[in-house]
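One file, upload-v7.cif, is given below (mmCIF, C-alpha atoms and all ligand atoms).
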```cif
data_my_file
loop_
_atom_site.label_atom_id
_atom_site.label_comp_id
_atom_site.auth_asym_id
_atom_site.auth_seq_id
_atom_site.Cartn_x
_atom_site.Cartn_y
_atom_site.Cartn_z
CA MET A 15 4.28 -8.36 -23.17
CA GLU A 16 2.20 -8.24 -19.97
CA THR A 17 4.05 -11.36 -18.85
CA LEU A 18 7.37 -9.55 -19.14
CA TRP A 19 6.23 -6.69 -16.88
CA LEU A 20 4.68 -9.13 -14.40
CA THR A 21 7.93 -11.13 -14.30
CA ILE A 22 9.93 -7.95 -13.73
CA GLY A 23 7.49 -7.20 -10.90
CA THR A 24 8.05 -10.63 -9.35
CA LEU A 25 11.85 -10.33 -9.51
CA GLY A 26 11.87 -6.72 -8.31
CA PHE A 27 9.75 -7.53 -5.27
CA ILE A 28 11.86 -10.60 -4.44
CA ALA A 29 15.01 -8.47 -4.57
CA ALA A 30 13.42 -5.78 -2.39
CA THR A 31 12.30 -8.37 0.16
CA VAL A 32 15.80 -9.82 0.42
CA PHE A 33 17.27 -6.33 0.75
CA PHE A 34 14.81 -5.30 3.49
CA LEU A 35 15.53 -8.51 5.42
CA PHE A 36 19.23 -7.76 5.11
CA LEU A 37 18.63 -4.24 6.47
CA MET A 38 16.78 -5.83 9.39
CA THR A 39 20.01 -7.46 10.59
CA ARG A 40 21.17 -3.96 11.46
CA ALA A 41 17.86 -2.47 12.63
CA PRO A 42 18.07 0.26 15.29
CA ALA A 43 17.00 -1.07 18.70
CA GLY A 44 13.26 -1.54 19.03
CA SER A 45 12.45 -0.90 15.36
CA ARG A 46 12.42 -4.43 13.97
CA HIS A 47 8.66 -4.46 13.49
CA PHE A 48 9.00 -1.86 10.71
CA PHE A 49 11.36 -4.18 8.83
CA ILE A 50 9.12 -7.21 9.29
CA ILE A 51 5.96 -5.39 8.15
CA THR A 52 7.70 -3.90 5.11
CA ALA A 53 9.34 -7.18 4.05
CA VAL A 54 5.94 -8.90 4.33
CA ILE A 55 4.50 -6.18 2.04
CA THR A 56 7.07 -6.78 -0.70
CA GLY A 57 7.03 -10.56 -0.16
CA VAL A 58 3.25 -10.74 -0.63
CA ALA A 59 3.53 -8.54 -3.73
CA ALA A 60 6.22 -10.84 -5.18
CA PHE A 61 3.95 -13.83 -4.67
CA PHE A 62 0.93 -12.19 -6.34
CA TYR A 63 2.99 -10.85 -9.24
CA LEU A 64 4.15 -14.44 -9.76
CA THR A 65 0.57 -15.73 -9.72
CA MET A 66 -0.49 -13.05 -12.21
CA SER A 67 2.44 -13.83 -14.51
CA THR A 68 1.57 -17.54 -14.58
CA GLY A 69 -2.12 -16.81 -15.09
CA ALA A 70 -3.17 -18.44 -11.80
CA THR A 71 -4.88 -15.24 -10.62
CA ALA A 72 -5.93 -13.93 -14.03
CA SER A 73 -9.24 -14.72 -15.73
CA ASN A 74 -10.71 -14.12 -19.11
CA ILE A 75 -13.88 -12.08 -18.82
CA GLU A 76 -15.64 -10.81 -21.89
CA GLY A 77 -12.53 -11.08 -24.01
CA ARG A 78 -10.21 -9.17 -21.68
CA ILE A 79 -7.78 -10.55 -19.14
CA PHE A 80 -8.81 -9.57 -15.64
CA TYR A 81 -5.87 -9.65 -13.23
CA TRP A 82 -7.80 -10.14 -10.01
CA GLY A 83 -4.65 -11.20 -8.16
CA ARG A 84 -3.73 -7.55 -7.69
CA TYR A 85 -6.81 -7.00 -5.53
CA ILE A 86 -5.79 -9.87 -3.23
CA ASP A 87 -2.29 -8.37 -3.07
CA TRP A 88 -3.70 -4.91 -2.28
CA VAL A 89 -6.18 -6.08 0.33
CA ILE A 90 -3.27 -7.59 2.29
CA THR A 91 -0.52 -5.06 1.62
CA THR A 92 -2.29 -1.68 1.75
CA PRO A 93 -3.40 -2.16 5.39
CA LEU A 94 0.24 -3.01 6.20
CA LEU A 95 1.45 0.17 4.47
CA LEU A 96 -1.01 2.15 6.58
CA LEU A 97 0.22 0.31 9.68
CA ASP A 98 3.82 1.36 8.89
CA LEU A 99 2.67 4.98 8.55
CA ALA A 100 0.54 4.89 11.70
CA LEU A 101 3.26 3.28 13.84
CA LEU A 102 5.66 5.98 12.70
CA ALA A 103 3.26 8.84 13.42
CA LEU A 104 1.78 7.64 16.69
CA ALA A 105 3.72 7.88 19.93
CA SER A 106 1.40 5.23 21.38
CA TRP A 107 -0.59 2.87 19.22
CA ARG A 108 -2.57 1.74 22.24
CA ARG A 109 -4.15 5.15 22.69
CA ASN A 110 -4.98 5.32 18.97
CA VAL A 111 -6.30 1.85 18.22
CA ASN A 112 -9.60 3.33 17.01
CA LEU A 113 -7.87 5.48 14.44
CA ILE A 114 -5.76 2.56 13.18
CA ILE A 115 -8.85 0.35 12.91
CA ALA A 116 -10.79 3.07 11.09
CA LEU A 117 -7.99 3.48 8.54
CA ILE A 118 -7.72 -0.26 7.92
CA VAL A 119 -11.50 -0.83 7.66
CA LEU A 120 -11.84 2.02 5.15
CA ASP A 121 -8.90 0.67 3.19
CA VAL A 122 -10.20 -2.91 2.98
CA PHE A 123 -13.63 -1.54 2.02
CA MET A 124 -11.99 0.54 -0.73
CA ILE A 125 -10.17 -2.46 -2.23
CA LEU A 126 -13.16 -4.83 -2.03
CA THR A 127 -15.52 -2.31 -3.66
CA GLY A 128 -12.78 -1.72 -6.24
CA LEU A 129 -12.74 -5.48 -6.94
CA GLN A 130 -16.49 -5.31 -7.32
CA ALA A 131 -16.05 -2.47 -9.87
CA GLY A 132 -13.34 -4.37 -11.71
CA SER A 133 -15.42 -7.51 -12.05
CA SER A 134 -18.76 -5.83 -12.85
CA LEU A 135 -20.14 -6.64 -16.24
CA THR A 136 -22.37 -3.60 -16.62
CA GLY A 137 -21.32 0.01 -17.03
CA PHE A 138 -23.68 1.01 -14.24
CA GLY A 139 -22.22 -1.51 -11.81
CA LYS A 140 -18.68 -0.46 -12.66
CA GLY A 141 -19.43 3.24 -12.27
CA PHE A 142 -21.33 2.77 -9.04
CA TRP A 143 -18.66 0.70 -7.27
CA PHE A 144 -15.87 2.87 -8.66
CA ILE A 145 -17.47 5.93 -7.08
CA VAL A 146 -18.06 4.15 -3.76
CA SER A 147 -14.43 2.98 -3.71
CA THR A 148 -13.12 6.43 -4.58
CA ILE A 149 -15.14 8.03 -1.77
CA ALA A 150 -13.53 5.56 0.66
CA LEU A 151 -10.09 6.54 -0.70
CA ILE A 152 -10.81 10.25 -0.25
CA VAL A 153 -11.99 9.79 3.35
CA LEU A 154 -8.97 7.58 4.06
CA LEU A 155 -6.43 10.05 2.69
CA TYR A 156 -8.22 12.87 4.49
CA LEU A 157 -7.79 11.01 7.79
CA VAL A 158 -4.10 10.47 7.05
CA TYR A 159 -3.68 14.14 6.18
CA THR A 160 -5.48 15.44 9.25
CA ARG A 161 -5.21 12.91 12.11
CA LEU A 162 -1.87 11.24 11.39
CA PHE A 163 -0.17 14.50 10.41
CA ALA A 164 -1.32 16.07 13.69
CA GLU A 165 0.01 13.13 15.70
CA ALA A 166 3.32 13.17 13.85
CA ALA A 167 3.66 16.92 14.40
CA SER A 168 3.88 16.31 18.15
CA ARG A 169 6.80 13.93 17.71
CA GLY A 170 9.31 16.31 16.17
CA GLY A 171 12.73 15.64 14.71
CA ALA A 172 13.46 12.94 12.20
CA VAL A 173 10.19 11.10 12.83
CA GLN A 174 8.19 14.13 11.80
CA SER A 175 10.11 14.86 8.61
CA THR A 176 10.24 11.20 7.54
CA PHE A 177 6.54 10.84 8.23
CA ARG A 178 5.75 13.92 6.15
CA THR A 179 7.70 12.60 3.17
CA LEU A 180 6.11 9.15 3.38
CA ALA A 181 2.58 10.47 3.94
CA LEU A 182 2.81 12.87 0.99
CA LEU A 183 4.22 10.09 -1.18
CA THR A 184 1.28 7.93 -0.11
CA ILE A 185 -1.33 10.62 -0.80
CA VAL A 186 0.04 11.34 -4.29
CA LEU A 187 0.67 7.73 -5.36
CA TRP A 188 -2.56 6.27 -3.99
CA SER A 189 -4.54 8.98 -5.82
CA LEU A 190 -3.02 7.80 -9.10
CA TYR A 191 -4.38 4.24 -8.78
CA PRO A 192 -8.00 5.09 -9.65
CA ILE A 193 -6.72 7.17 -12.60
CA VAL A 194 -4.70 4.26 -14.03
CA TRP A 195 -7.70 2.01 -13.36
CA LEU A 196 -9.97 4.33 -15.38
CA LEU A 197 -7.46 4.44 -18.26
CA GLY A 198 -7.03 0.67 -18.26
CA THR A 199 -9.10 -2.29 -19.39
CA GLU A 200 -11.32 -2.28 -16.30
CA GLY A 201 -12.29 1.35 -17.00
CA PHE A 202 -12.46 3.10 -20.37
CA ASN A 203 -9.79 0.95 -22.03
CA ALA A 204 -7.96 4.03 -23.26
CA VAL A 205 -4.46 2.54 -23.00
CA GLY A 206 -4.80 -1.23 -23.42
CA SER A 207 -3.67 -4.07 -21.23
CA THR A 208 0.13 -3.85 -21.61
CA VAL A 209 0.31 -0.18 -20.67
CA GLU A 210 -2.10 -0.74 -17.80
CA VAL A 211 0.02 -3.57 -16.37
CA PHE A 212 3.15 -1.41 -16.81
CA LEU A 213 1.63 1.63 -15.07
CA PHE A 214 0.41 -0.44 -12.10
CA LEU A 215 3.90 -1.97 -11.89
CA ILE A 216 5.50 1.48 -11.62
CA LEU A 217 2.95 2.58 -9.01
CA ASP A 218 3.39 -0.65 -7.02
CA PHE A 219 7.18 -0.32 -7.08
CA LEU A 220 7.04 3.28 -5.87
CA ALA A 221 4.32 2.71 -3.26
CA LYS A 222 5.95 -0.40 -1.80
CA ILE A 223 9.68 -0.45 -2.60
CA GLY A 224 10.20 3.33 -2.75
CA PHE A 225 8.18 3.74 0.43
CA GLY A 226 9.99 0.90 2.20
CA PHE A 227 13.41 2.13 1.15
CA LEU A 228 12.76 5.66 2.44
CA LEU A 229 11.44 4.28 5.72
CA LEU A 230 14.00 1.56 6.41
CA THR A 231 17.13 3.49 5.45
CA ASN A 232 16.14 6.35 7.73
CA ARG A 233 17.82 4.99 10.83
CA GLN A 234 17.46 8.14 12.87
CA ALA A 235 13.69 8.28 12.43
CA LEU A 236 13.36 4.56 13.18
CA GLY A 237 15.43 4.90 16.33
CA GLU A 238 13.38 7.88 17.53
CA ALA A 239 10.09 6.20 16.64
CA ALA A 240 11.09 3.13 18.63
CA GLY A 241 12.61 4.84 21.62
CA GLY A 242 11.07 8.28 21.78
CA GLY A 243 7.52 7.33 22.55
CA GLY A 244 7.77 6.65 26.31
CA GLN A 245 4.58 4.63 26.34
CA ALA A 246 5.69 2.35 23.53
CA GLN A 247 8.79 1.62 25.54
CA THR A 248 6.86 0.78 28.68
CA SER A 249 4.49 -1.51 26.87
CA ARG A 250 7.37 -3.43 25.41
CA VAL A 251 9.03 -3.92 28.78
CA ARG A 252 5.78 -5.09 30.31
C1 LIG A 301 -9.14 1.05 -7.44
C2 LIG A 301 -10.33 1.13 -8.42
C3 LIG A 301 -11.55 1.64 -7.81
C4 LIG A 301 -11.35 3.00 -7.22
C5 LIG A 301 -10.13 3.11 -6.38
C6 LIG A 301 -9.08 2.22 -6.47
C7 LIG A 301 -7.93 2.46 -5.58
C8 LIG A 301 -6.90 1.67 -5.36
C9 LIG A 301 -5.76 1.99 -4.55
C10 LIG A 301 -4.79 1.05 -4.51
C11 LIG A 301 -3.56 1.17 -3.84
C12 LIG A 301 -2.66 0.22 -3.96
C13 LIG A 301 -1.34 0.25 -3.41
C14 LIG A 301 -0.57 -0.80 -3.63
C15 LIG A 301 0.74 -0.89 -3.12
O1 LIG A 301 1.65 -1.25 -3.71
C16 LIG A 301 -9.26 -0.25 -6.67
C17 LIG A 301 -7.93 1.00 -8.34
C18 LIG A 301 -10.10 4.27 -5.42
C19 LIG A 301 -5.65 3.26 -3.83
C20 LIG A 301 -0.87 1.39 -2.62
#
```

Before we go any further, please render this structure as structure tokens.
Ligand code: RET
Amino acid sequence: METLWLTIGTLGFIAATVFFLFLMTRAPAGSRHFFIITAVITGVAAFFYLTMSTGATASNIEGRIFYWGRYIDWVITTPLLLLDLALLALASWRRNVNLIIALIVLDVFMILTGLQAGSSLTGFGKGFWFIVSTIALIVLLYLVYTRLFAEAASRGGAVQSTFRTLALLTIVLWSLYPIVWLLGTEGFNAVGSTVEVFLFLILDFLAKIGFGFLLLTNRQALGEAAGGGGQAQTSRVR
């Protein structure tokens, strides 16, 4: 049954990647990078769903199947999701490189400590790394809620409202990952492997495809984000 959900994941992400690349052919001037980043996100997810469905990135530890491929997927794709959000919020990425780096470092740290929790064999190890990872998530989402929201507020118009929708979607969905993890086989095993794989599939679809769809079909916001930021324009011409 897990294999069915993982195959649906593979096909869904392939379809989304093709669709996003199609949308790129009609990207508003200067906004192509959003399409490239988002198509890479769904393309990488398709690849790792395929590897999980074939068993290439799944291992048997202590009688349960540990799908470690999702951590490799996440460590690549979650920084790219944050990059999409940051490039939308920030009028100039050059002036905010430190903020972007801080977000990405926290994010990679969160996923790697999460992998450590998922592969720990002792309850203490699991609990310890889970808490460390969750603290990183809280700090990360706090930075998005304070710093990126403030930057987006100065941009106005469609950029601001699209950013708000996407940032709130991100805050809500990302907070659900540790909950599903706790319910699943790497945590308390309350729901079993099939339900766990299904719940992560739904979250991954919403956080990547739902997110990408809302971003890439919002042509007005993309146009304003690409053209409105003075500095971004200059840096491209140079
Ligand atoms: C883990 C377990 C340890 C504690 C925490 C976690 C958070 C994971 C997150 C993953 C987000 C993934 C996304 C994928 C996109 O499709 C590793 C589950 C805090 C937030 C957005």

Which of A:Tyr159, A:Phe212, A:Phe225, A:Tyr191 sits closest to ligand LIG 301 (chain A) [using only C-alpha atoms and all ligand atoms]:
A:Tyr191

Report, as JSON, the centre and edge lengths in Å (one decimal) of the axis-aligned box enclosing every listed atom of region 131-149 of chain A, padded by 3 Å on each side.
```
{"center_x": -18.4, "center_y": 0.3, "center_z": -9.4, "size_x": 16.6, "size_y": 21.5, "size_z": 21.3}
```

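Each of A:Gly77, A:Gly198, A:Gly171, A:Pro93 was checked against Lys222 (chain A) using only C-alpha atoms; the smallest atom-to-atom distance is that of A:Pro93.
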
Just the residues within 9 Å of Val32 (chain A), please, counting only C-alpha atoms, with nothing from its chain fewer than 5 positions along; format it as a VMD selection string.
chain A and resid 27 37 53 57

Hey, which of A:Ser106, A:Asp218, A:Thr127, A:Leu154 ends up closest to Lys140 (chain A)? Count all atoms listed in the file.
A:Thr127

Could you list as number ranges by chain every residue that has an atom within 12 Å of (12.1, -0.8, 15.2), using the file's coordinates and counting only C-alpha atoms?
A: 37-52, 98, 101-102, 229-243, 246-247, 250

Among the residues A:Ile79, A:Ile152, A:Ala167, A:Ile114, the one that comes closest to ligand LIG 301 (chain A) [using all atoms listed in the file]:
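The answer is A:Ile152, which sits nearest to ligand LIG 301 (chain A).
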
Shortest interatomic distance to Phe61 (chain A) - which of A:Trp88, A:Trp107, A:Trp195, A:Trp143, counting all atoms listed in the file:
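Closest candidate: A:Trp88.
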
Selection as JSON, numbers by chain: residues within 7 Å of ligand LIG 301 (chain A) by all atoms listed in the file:
{"A": [88, 91, 92, 124, 125, 127, 128, 129, 131, 144, 145, 147, 148, 151, 188, 189, 191, 192, 195, 217, 218, 219, 221, 222]}

C-alpha atoms of the current selection, written as a PDB file, keeping the file's coordinate frame:
```pdb
ATOM      1  CA  TRP A  88      -3.700  -4.910  -2.280  1.00  0.00           C
ATOM      2  CA  THR A  91      -0.520  -5.060   1.620  1.00  0.00           C
ATOM      3  CA  THR A  92      -2.290  -1.680   1.750  1.00  0.00           C
ATOM      4  CA  MET A 124     -11.990   0.540  -0.730  1.00  0.00           C
ATOM      5  CA  ILE A 125     -10.170  -2.460  -2.230  1.00  0.00           C
ATOM      6  CA  THR A 127     -15.520  -2.310  -3.660  1.00  0.00           C
ATOM      7  CA  GLY A 128     -12.780  -1.720  -6.240  1.00  0.00           C
ATOM      8  CA  LEU A 129     -12.740  -5.480  -6.940  1.00  0.00           C
ATOM      9  CA  ALA A 131     -16.050  -2.470  -9.870  1.00  0.00           C
ATOM     10  CA  PHE A 144     -15.870   2.870  -8.660  1.00  0.00           C
ATOM     11  CA  ILE A 145     -17.470   5.930  -7.080  1.00  0.00           C
ATOM     12  CA  SER A 147     -14.430   2.980  -3.710  1.00  0.00           C
ATOM     13  CA  THR A 148     -13.120   6.430  -4.580  1.00  0.00           C
ATOM     14  CA  LEU A 151     -10.090   6.540  -0.700  1.00  0.00           C
ATOM     15  CA  TRP A 188      -2.560   6.270  -3.990  1.00  0.00           C
ATOM     16  CA  SER A 189      -4.540   8.980  -5.820  1.00  0.00           C
ATOM     17  CA  TYR A 191      -4.380   4.240  -8.780  1.00  0.00           C
ATOM     18  CA  PRO A 192      -8.000   5.090  -9.650  1.00  0.00           C
ATOM     19  CA  TRP A 195      -7.700   2.010 -13.360  1.00  0.00           C
ATOM     20  CA  LEU A 217       2.950   2.580  -9.010  1.00  0.00           C
ATOM     21  CA  ASP A 218       3.390  -0.650  -7.020  1.00  0.00           C
ATOM     22  CA  PHE A 219       7.180  -0.320  -7.080  1.00  0.00           C
ATOM     23  CA  ALA A 221       4.320   2.710  -3.260  1.00  0.00           C
ATOM     24  CA  LYS A 222       5.950  -0.400  -1.800  1.00  0.00           C
TER      25      LYS A 222
END
```

In Å to one decimal, how far is CA of Phe36 (chain A) from CA of Gly83 (chain A)?
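So the two atoms, CA of Gly83 (chain A) and CA of Phe36 (chain A), lie 27.5 Å apart.
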
Find, counting only C-alpha atoms, the residue in A:Met15, A:Ala172, A:Leu126, A:Ile55 that gets nearest to Ser207 (chain A).
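Looking at the shortest contact to Ser207 (chain A), the residue is A:Met15.
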
Just give me the gap between CA of Leu25 (chain A) and CA of Ala60 (chain A) in Å, one decimal is fine.
7.1 Å

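For the atom pair formed by CA of Gly201 (chain A) and CA of Ile28 (chain A), the distance is 29.7 Å, given to one decimal.
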
Within 8 Å of Arg169 (chain A), counting all atoms listed in the file, which residues show up once you throw out same-chain ones fewer than 3 positions away? Write them as a JSON list (two decimals) with C-alpha atoms, keeping the file's coordinate frame, please.
```json
[["chain", "number", "residue", "atom", "x", "y", "z"],
["A", 103, "ALA", "CA", 3.26, 8.84, 13.42],
["A", 105, "ALA", "CA", 3.72, 7.88, 19.93],
["A", 165, "GLU", "CA", 0.01, 13.13, 15.70],
["A", 166, "ALA", "CA", 3.32, 13.17, 13.85],
["A", 173, "VAL", "CA", 10.19, 11.10, 12.83],
["A", 174, "GLN", "CA", 8.19, 14.13, 11.80]]
```

Could you add whatever atoms are missing so that region 126-137 of chain A carries all heavy atoms, then write the result as a tab-separated table (two decimals), in the frame of the given file?
```tsv
chain	number	residue	atom	x	y	z
A	126	LEU	N	-12.11	-3.85	-1.68
A	126	LEU	CA	-13.16	-4.83	-2.03
A	126	LEU	C	-14.22	-4.22	-2.96
A	126	LEU	O	-14.69	-4.88	-3.89
A	126	LEU	CB	-13.81	-5.39	-0.76
A	126	LEU	CG	-12.87	-6.26	0.10
A	126	LEU	CD1	-13.60	-6.81	1.33
A	126	LEU	CD2	-12.27	-7.41	-0.71
A	127	THR	N	-14.57	-2.94	-2.73
A	127	THR	CA	-15.52	-2.31	-3.66
A	127	THR	C	-14.84	-2.07	-5.00
A	127	THR	O	-15.49	-2.11	-6.05
A	127	THR	CB	-16.10	-1.00	-3.08
A	127	THR	OG1	-15.03	-0.18	-2.64
A	127	THR	CG2	-17.06	-1.25	-1.93
A	128	GLY	N	-13.52	-1.85	-4.99
A	128	GLY	CA	-12.78	-1.72	-6.24
A	128	GLY	C	-12.79	-3.04	-7.02
A	128	GLY	O	-12.93	-3.05	-8.24
A	129	LEU	N	-12.66	-4.16	-6.29
A	129	LEU	CA	-12.74	-5.48	-6.94
A	129	LEU	C	-14.12	-5.67	-7.56
A	129	LEU	O	-14.27	-6.18	-8.68
A	129	LEU	CB	-12.46	-6.58	-5.90
A	129	LEU	CG	-12.70	-8.02	-6.35
A	129	LEU	CD1	-11.81	-8.39	-7.53
A	129	LEU	CD2	-12.44	-8.99	-5.19
A	130	GLN	N	-15.13	-5.22	-6.82
A	130	GLN	CA	-16.49	-5.31	-7.32
A	130	GLN	C	-16.62	-4.50	-8.63
A	130	GLN	O	-17.23	-4.96	-9.60
A	130	GLN	CB	-17.41	-4.73	-6.23
A	130	GLN	CG	-18.87	-4.88	-6.48
A	130	GLN	CD	-19.29	-6.34	-6.44
A	130	GLN	OE1	-18.80	-7.10	-5.61
A	130	GLN	NE2	-20.17	-6.73	-7.33
A	131	ALA	N	-16.01	-3.30	-8.64
A	131	ALA	CA	-16.05	-2.47	-9.87
A	131	ALA	C	-15.32	-3.18	-11.01
A	131	ALA	O	-15.82	-3.24	-12.14
A	131	ALA	CB	-15.41	-1.10	-9.60
A	132	GLY	N	-14.16	-3.74	-10.68
A	132	GLY	CA	-13.34	-4.37	-11.71
A	132	GLY	C	-13.99	-5.59	-12.34
A	132	GLY	O	-13.74	-5.91	-13.50
A	133	SER	N	-14.82	-6.28	-11.53
A	133	SER	CA	-15.42	-7.51	-12.05
A	133	SER	C	-16.86	-7.31	-12.52
A	133	SER	O	-17.49	-8.25	-12.98
A	133	SER	CB	-15.34	-8.63	-10.99
A	133	SER	OG	-15.93	-8.18	-9.79
A	134	SER	N	-17.38	-6.08	-12.38
A	134	SER	CA	-18.76	-5.83	-12.85
A	134	SER	C	-18.85	-5.96	-14.36
A	134	SER	O	-17.92	-5.58	-15.08
A	134	SER	CB	-19.20	-4.41	-12.47
A	134	SER	OG	-19.55	-4.34	-11.13
A	135	LEU	N	-19.97	-6.46	-14.80
A	135	LEU	CA	-20.14	-6.64	-16.24
A	135	LEU	C	-20.94	-5.50	-16.87
A	135	LEU	O	-20.97	-5.35	-18.08
A	135	LEU	CB	-20.81	-7.98	-16.53
A	135	LEU	CG	-19.98	-9.20	-16.09
A	135	LEU	CD1	-20.73	-10.50	-16.37
A	135	LEU	CD2	-18.62	-9.23	-16.80
A	136	THR	N	-21.58	-4.69	-16.05
A	136	THR	CA	-22.37	-3.60	-16.62
A	136	THR	C	-21.68	-2.26	-16.34
A	136	THR	O	-21.00	-2.10	-15.32
A	136	THR	CB	-23.77	-3.53	-15.99
A	136	THR	OG1	-23.62	-3.22	-14.60
A	136	THR	CG2	-24.50	-4.86	-16.13
A	137	GLY	N	-21.88	-1.32	-17.21
A	137	GLY	CA	-21.32	0.01	-17.03
A	137	GLY	C	-21.84	0.65	-15.75
A	137	GLY	O	-21.10	1.30	-15.02
```
